[in-house]
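**Q** Here it is, the structure, as structure tokens.
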Amino acid sequence: MAPLVTVERPAAGEPDGLLVLHHGRGTDERDLLGLADALDPERRLRVVSARGPLQVPGWPGYHWYAVPKVGYPDRASFDAARAALAELHDRLWEETGVGAERTVLAGFSMGAVMSHAMGWSEDRPAVAGVLAFSGFVPSVSGWRPSLADRAGTRAFVAHGTADPVIEVGFGRAARDLLLAGGIDVTYRESAVPHTIDPATLKDAAGWVAATLPPRSGSA
């Protein structure tokens, strides 16, 4: 499997942590990179945005998995995306010396689904946080979220009440599932369609700063 294509916004100095961005359906690795300064205005973090591995006939851009039905990713392409992201995340942790415990996985739409998938997989290291805009915790045969061993992982879930693509019930269901599993969840709703509400970004940036505070000895 070829390594995923990525773009980065480096930290201003030695990074306090790692923020990995996963784009939505039909875009590419540059789509969310503009969020780097909004979510990390002090540039404390290394921010890496990855390109999905799949191209779908008739669709522009890149995808993480095929969509037979909203909420239920195709298993083969979902498993392939998880494997590709596992390789990327492991490589980033090895290269930087910044481990999973100092990492936030973030995404929009399909990328939020993959952030949930990687953050709550029992075969993956527990990360500091999962930041999910307009997504859901997927239902896939052979995969289920593992929450009992993720007590230290925080979640930020945001969703638009006017979302016609992934309706707000998916966001509420993700919130309720994570809360029932003992996860610390920050939840935001706003009257927007399938997009990231700029008004929510301030809260998300505060959440990122609290989830990845400066390391001891950092300026």
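Ordering of the structure tokens sets the chain letters (A, B, ...); residue numbers start at 1 within each chain; ligands are numbered from 1 in the order shown.
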For Ala112 (chain A), list every protein, DNA or RNA residue within 7 Å, evaluated using only C-alpha atoms, and leave out those in the same chain fewer than 4 positions away; present the list as an NGL selection string.
**A** :A and (22 or 106-108 or 116 or 132-136)
**Q** Within 12 Å of Asp123 (chain A), counting only C-alpha atoms, which residues qualify if same-chain residues fewer than 5 places away don't, as a PyMOL selection string?
**A** chain A and resi 82-83+86+117-118+143-147+149-150
**Q** If I take CA of Val47 (chain A) and CA of Gly13 (chain A), how far is one from the other in Å, to one decimal?
**A** 12.5 Å
**Q** List every residue of region 47-105 of chain A that has an atom at most 12 Å from any atom of region 167-188 of chain A, giving for each one its closest atom pair and the distance in Å to one decimal, counting only C-alpha atoms, sorted by chain and then by ascending residue number, as JSON lines.
**A**
{"residue": "A:Val70", "atom": "CA", "partner": "A:Phe170", "partner_atom": "CA", "distance": 9.6}
{"residue": "A:Gly71", "atom": "CA", "partner": "A:Phe170", "partner_atom": "CA", "distance": 7.8}
{"residue": "A:Tyr72", "atom": "CA", "partner": "A:Phe170", "partner_atom": "CA", "distance": 11.5}
**Q** Using C-alpha atoms, can you export the residues from the last selection as an mmCIF file, in the first residue's frame?
**A**
data_model
loop_
_atom_site.group_PDB
_atom_site.id
_atom_site.type_symbol
_atom_site.label_atom_id
_atom_site.label_comp_id
_atom_site.auth_asym_id
_atom_site.auth_seq_id
_atom_site.Cartn_x
_atom_site.Cartn_y
_atom_site.Cartn_z
ATOM 1 C CA VAL A 70 -24.992 6.968 5.126
ATOM 2 C CA GLY A 71 -23.763 5.699 8.479
ATOM 3 C CA TYR A 72 -22.660 2.327 7.101
#
**Q** Output as number ranges by chain all residues of region 3-199 of chain A that backbone DSSP marks as strand (DSSP E or B).
**A** A: 6-9, 17-22, 27, 45-50, 54, 62-63, 69, 72, 103-108, 129-133, 140, 143, 154-160, 184-190
**Q** Could you name the residues that touch Leu18 (chain A) at 9 Å or less, counting only C-alpha atoms, but leaving out those on the same chain fewer than 4 positions away, as a PyMOL selection string?
**A** chain A and resi 44-48+92-93+96+98-100+102-105+212
**Q** Please write the residues from the selection above to a file, keeping C-alpha atoms, as a PDB file, in the first residue's frame.
**A**
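Output contents, as saved in selection_14.pdb:
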ATOM      1  CA  ARG A  44       2.196  24.956  19.195  1.00  0.00           C
ATOM      2  CA  LEU A  45       1.318  21.809  17.232  1.00  0.00           C
ATOM      3  CA  ARG A  46       2.563  20.023  14.164  1.00  0.00           C
ATOM      4  CA  VAL A  47      -0.490  19.817  11.901  1.00  0.00           C
ATOM      5  CA  VAL A  48      -0.632  17.126   9.208  1.00  0.00           C
ATOM      6  CA  LEU A  92       4.301  10.333  12.390  1.00  0.00           C
ATOM      7  CA  TRP A  93       4.670   9.190  15.989  1.00  0.00           C
ATOM      8  CA  THR A  96       8.412  13.154  15.721  1.00  0.00           C
ATOM      9  CA  VAL A  98       5.254  12.874  19.749  1.00  0.00           C
ATOM     10  CA  GLY A  99       3.143   9.903  20.780  1.00  0.00           C
ATOM     11  CA  ALA A 100      -0.526   9.037  20.582  1.00  0.00           C
ATOM     12  CA  ARG A 102      -0.161  13.964  22.568  1.00  0.00           C
ATOM     13  CA  THR A 103      -2.251  13.580  19.396  1.00  0.00           C
ATOM     14  CA  VAL A 104      -5.683  14.828  18.344  1.00  0.00           C
ATOM     15  CA  LEU A 105      -7.376  13.183  15.354  1.00  0.00           C
ATOM     16  CA  LEU A 212      -2.963  19.225  24.338  1.00  0.00           C
TER      17      LEU A 212
END
**Q** Using only C-alpha atoms, which residues sit within 10 Å of Arg91 (chain A) once same-chain residues fewer than 6 positions away are excluded, as a list in words?
**A**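 Near Arg91 (chain A), the qualifying residues are Pro3, Leu85 and Gly97 of chain A.
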**Q** Store the residues of this selection in a file with C-alpha atoms, as a compact mmCIF listing (two decimals), in the first residue's frame.
**A**
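Generated output (again37.txt):
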# COMPACT_ATOMS: atom_id res chain seq x y z
CA PRO A 3 1.84 5.91 1.82
CA LEU A 85 -4.15 5.73 8.39
CA GLY A 97 8.70 11.42 19.05
**Q** Pull the alpha helix (DSSP H) assignments for region 11-116 of chain A out of DSSP run on the backbone, and list those residues as a PyMOL selection string.
**A** chain A and resi 35-39+75-96+110-116
**Q** What would the file look like if the residues just selected were written as an mmCIF file, in the first residue's frame with N, CA and C atoms?
**A**
data_model
loop_
_atom_site.group_PDB
_atom_site.id
_atom_site.type_symbol
_atom_site.label_atom_id
_atom_site.label_comp_id
_atom_site.auth_asym_id
_atom_site.auth_seq_id
_atom_site.Cartn_x
_atom_site.Cartn_y
_atom_site.Cartn_z
ATOM 1 N N LEU A 35 -7.693 25.093 8.580
ATOM 2 C CA LEU A 35 -8.139 25.027 9.974
ATOM 3 C C LEU A 35 -6.977 25.045 10.960
ATOM 4 N N ALA A 36 -5.771 24.808 10.471
ATOM 5 C CA ALA A 36 -4.628 24.681 11.384
ATOM 6 C C ALA A 36 -4.475 25.903 12.279
ATOM 7 N N ASP A 37 -4.470 27.086 11.677
ATOM 8 C CA ASP A 37 -4.283 28.296 12.485
ATOM 9 C C ASP A 37 -5.516 28.633 13.307
ATOM 10 N N ALA A 38 -6.708 28.227 12.841
ATOM 11 C CA ALA A 38 -7.924 28.469 13.618
ATOM 12 C C ALA A 38 -7.962 27.583 14.865
ATOM 13 N N LEU A 39 -7.537 26.341 14.732
ATOM 14 C CA LEU A 39 -7.568 25.408 15.854
ATOM 15 C C LEU A 39 -6.338 25.522 16.743
ATOM 16 N N ARG A 75 -17.257 -2.148 3.965
ATOM 17 C CA ARG A 75 -16.231 -2.696 4.852
ATOM 18 C C ARG A 75 -14.851 -2.755 4.212
ATOM 19 N N ALA A 76 -14.758 -3.218 2.965
ATOM 20 C CA ALA A 76 -13.439 -3.402 2.350
ATOM 21 C C ALA A 76 -12.694 -2.075 2.243
ATOM 22 N N SER A 77 -13.363 -1.030 1.754
ATOM 23 C CA SER A 77 -12.681 0.256 1.610
ATOM 24 C C SER A 77 -12.443 0.916 2.964
ATOM 25 N N PHE A 78 -13.347 0.704 3.913
ATOM 26 C CA PHE A 78 -13.162 1.205 5.280
ATOM 27 C C PHE A 78 -11.932 0.564 5.923
ATOM 28 N N ASP A 79 -11.808 -0.759 5.780
ATOM 29 C CA ASP A 79 -10.650 -1.455 6.344
ATOM 30 C C ASP A 79 -9.355 -0.984 5.688
ATOM 31 N N ALA A 80 -9.394 -0.746 4.374
ATOM 32 C CA ALA A 80 -8.200 -0.271 3.676
ATOM 33 C C ALA A 80 -7.804 1.122 4.157
ATOM 34 N N ALA A 81 -8.783 1.978 4.372
ATOM 35 C CA ALA A 81 -8.487 3.323 4.868
ATOM 36 C C ALA A 81 -7.931 3.266 6.281
ATOM 37 N N ARG A 82 -8.485 2.409 7.120
ATOM 38 C CA ARG A 82 -7.951 2.269 8.479
ATOM 39 C C ARG A 82 -6.509 1.801 8.449
ATOM 40 N N ALA A 83 -6.199 0.853 7.586
ATOM 41 C CA ALA A 83 -4.827 0.350 7.496
ATOM 42 C C ALA A 83 -3.873 1.456 7.033
ATOM 43 N N ALA A 84 -4.311 2.248 6.038
ATOM 44 C CA ALA A 84 -3.468 3.327 5.534
ATOM 45 C C ALA A 84 -3.252 4.399 6.594
ATOM 46 N N LEU A 85 -4.294 4.722 7.343
ATOM 47 C CA LEU A 85 -4.151 5.726 8.395
ATOM 48 C C LEU A 85 -3.312 5.201 9.563
ATOM 49 N N ALA A 86 -3.434 3.921 9.865
ATOM 50 C CA ALA A 86 -2.599 3.341 10.918
ATOM 51 C C ALA A 86 -1.122 3.484 10.559
ATOM 52 N N GLU A 87 -0.797 3.199 9.295
ATOM 53 C CA GLU A 87 0.596 3.346 8.852
ATOM 54 C C GLU A 87 1.043 4.804 8.966
ATOM 55 N N LEU A 88 0.198 5.737 8.558
ATOM 56 C CA LEU A 88 0.558 7.154 8.640
ATOM 57 C C LEU A 88 0.737 7.598 10.079
ATOM 58 N N HIS A 89 -0.231 7.308 10.933
ATOM 59 C CA HIS A 89 -0.143 7.744 12.323
ATOM 60 C C HIS A 89 1.086 7.153 13.009
ATOM 61 N N ASP A 90 1.331 5.863 12.792
ATOM 62 C CA ASP A 90 2.511 5.228 13.397
ATOM 63 C C ASP A 90 3.797 5.900 12.920
ATOM 64 N N ARG A 91 3.847 6.207 11.627
ATOM 65 C CA ARG A 91 5.050 6.848 11.085
ATOM 66 C C ARG A 91 5.252 8.237 11.676
ATOM 67 N N LEU A 92 4.188 8.994 11.808
ATOM 68 C CA LEU A 92 4.301 10.333 12.390
ATOM 69 C C LEU A 92 4.774 10.260 13.837
ATOM 70 N N TRP A 93 4.248 9.326 14.595
ATOM 71 C CA TRP A 93 4.670 9.190 15.989
ATOM 72 C C TRP A 93 6.140 8.796 16.083
ATOM 73 N N GLU A 94 6.573 7.933 15.176
ATOM 74 C CA GLU A 94 7.977 7.517 15.197
ATOM 75 C C GLU A 94 8.902 8.648 14.770
ATOM 76 N N GLU A 95 8.501 9.384 13.738
ATOM 77 C CA GLU A 95 9.337 10.477 13.222
ATOM 78 C C GLU A 95 9.496 11.612 14.229
ATOM 79 N N THR A 96 8.416 11.948 14.891
ATOM 80 C CA THR A 96 8.412 13.154 15.721
ATOM 81 C C THR A 96 8.761 12.897 17.167
ATOM 82 N N MET A 110 -16.859 12.668 6.215
ATOM 83 C CA MET A 110 -16.217 11.362 6.084
ATOM 84 C C MET A 110 -14.910 11.313 6.877
ATOM 85 N N GLY A 111 -14.207 12.425 6.942
ATOM 86 C CA GLY A 111 -12.978 12.479 7.734
ATOM 87 C C GLY A 111 -13.244 12.419 9.224
ATOM 88 N N ALA A 112 -14.405 12.941 9.661
ATOM 89 C CA ALA A 112 -14.787 12.793 11.067
ATOM 90 C C ALA A 112 -15.065 11.336 11.384
ATOM 91 N N VAL A 113 -15.680 10.633 10.435
ATOM 92 C CA VAL A 113 -15.937 9.199 10.618
ATOM 93 C C VAL A 113 -14.624 8.445 10.822
ATOM 94 N N MET A 114 -13.609 8.774 9.991
ATOM 95 C CA MET A 114 -12.325 8.092 10.132
ATOM 96 C C MET A 114 -11.615 8.495 11.421
ATOM 97 N N SER A 115 -11.810 9.715 11.878
ATOM 98 C CA SER A 115 -11.224 10.122 13.161
ATOM 99 C C SER A 115 -11.837 9.307 14.295
ATOM 100 N N HIS A 116 -13.172 9.141 14.260
ATOM 101 C CA HIS A 116 -13.814 8.261 15.238
ATOM 102 C C HIS A 116 -13.281 6.835 15.106
#
**Q** Work out how far CA of Ser49 (chain A) is from CA of Val5 (chain A), in Å to one decimal.
**A**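 Here the two named atoms are 8.6 Å from each other.
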**Q** Each residue of region 74-176 of chain A lying at most 9 Å from region 199-209 of chain A should get a row with its shortest atom-to-atom pair and the distance in Å to one decimal, counting only C-alpha atoms; could you produce that, ordered by chain and increasing number, as a tab-separated table?
**A**
residue	atom	partner	partner_atom	distance
A:Val104	CA	A:Val208	CA	7.6
A:Gly129	CA	A:Val208	CA	8.1
A:Leu131	CA	A:Ala204	CA	8.0
A:Ala155	CA	A:Trp207	CA	9.0
A:Phe156	CA	A:Ala204	CA	7.2
A:Ala158	CA	A:Thr200	CA	7.6
**Q** For Ala151 (chain A), which residue among A:Ala126, A:Val7, A:Val137, A:Ile166 is the nearest when counting only C-alpha atoms?
**A**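 Using only C-alpha atoms, Ala151 (chain A) sits closest to A:Ala126.
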**Q** So, with only C-alpha atoms as the atoms that count, which of A:Ala12, A:Leu19, A:Leu4, A:Ala50 lies closest to Asp31 (chain A)?
**A**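 Ranked by minimum distance to Asp31 (chain A), first place goes to A:Ala50.
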**Q** Find, counting only C-alpha atoms, the residue in A:Asp28, A:Pro15, A:Arg124, A:Leu33 that gets nearest to Pro60 (chain A).
**A**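 Of A:Asp28, A:Pro15, A:Arg124, A:Leu33, the one nearest Pro60 (chain A), counting only C-alpha atoms, is A:Asp28.
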**Q** Could you work out how far CA of Glu189 (chain A) lies from CA of Asp74 (chain A), giving the answer in Å with one decimal?
**A**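 Distance between the two atoms: 27.7 Å.
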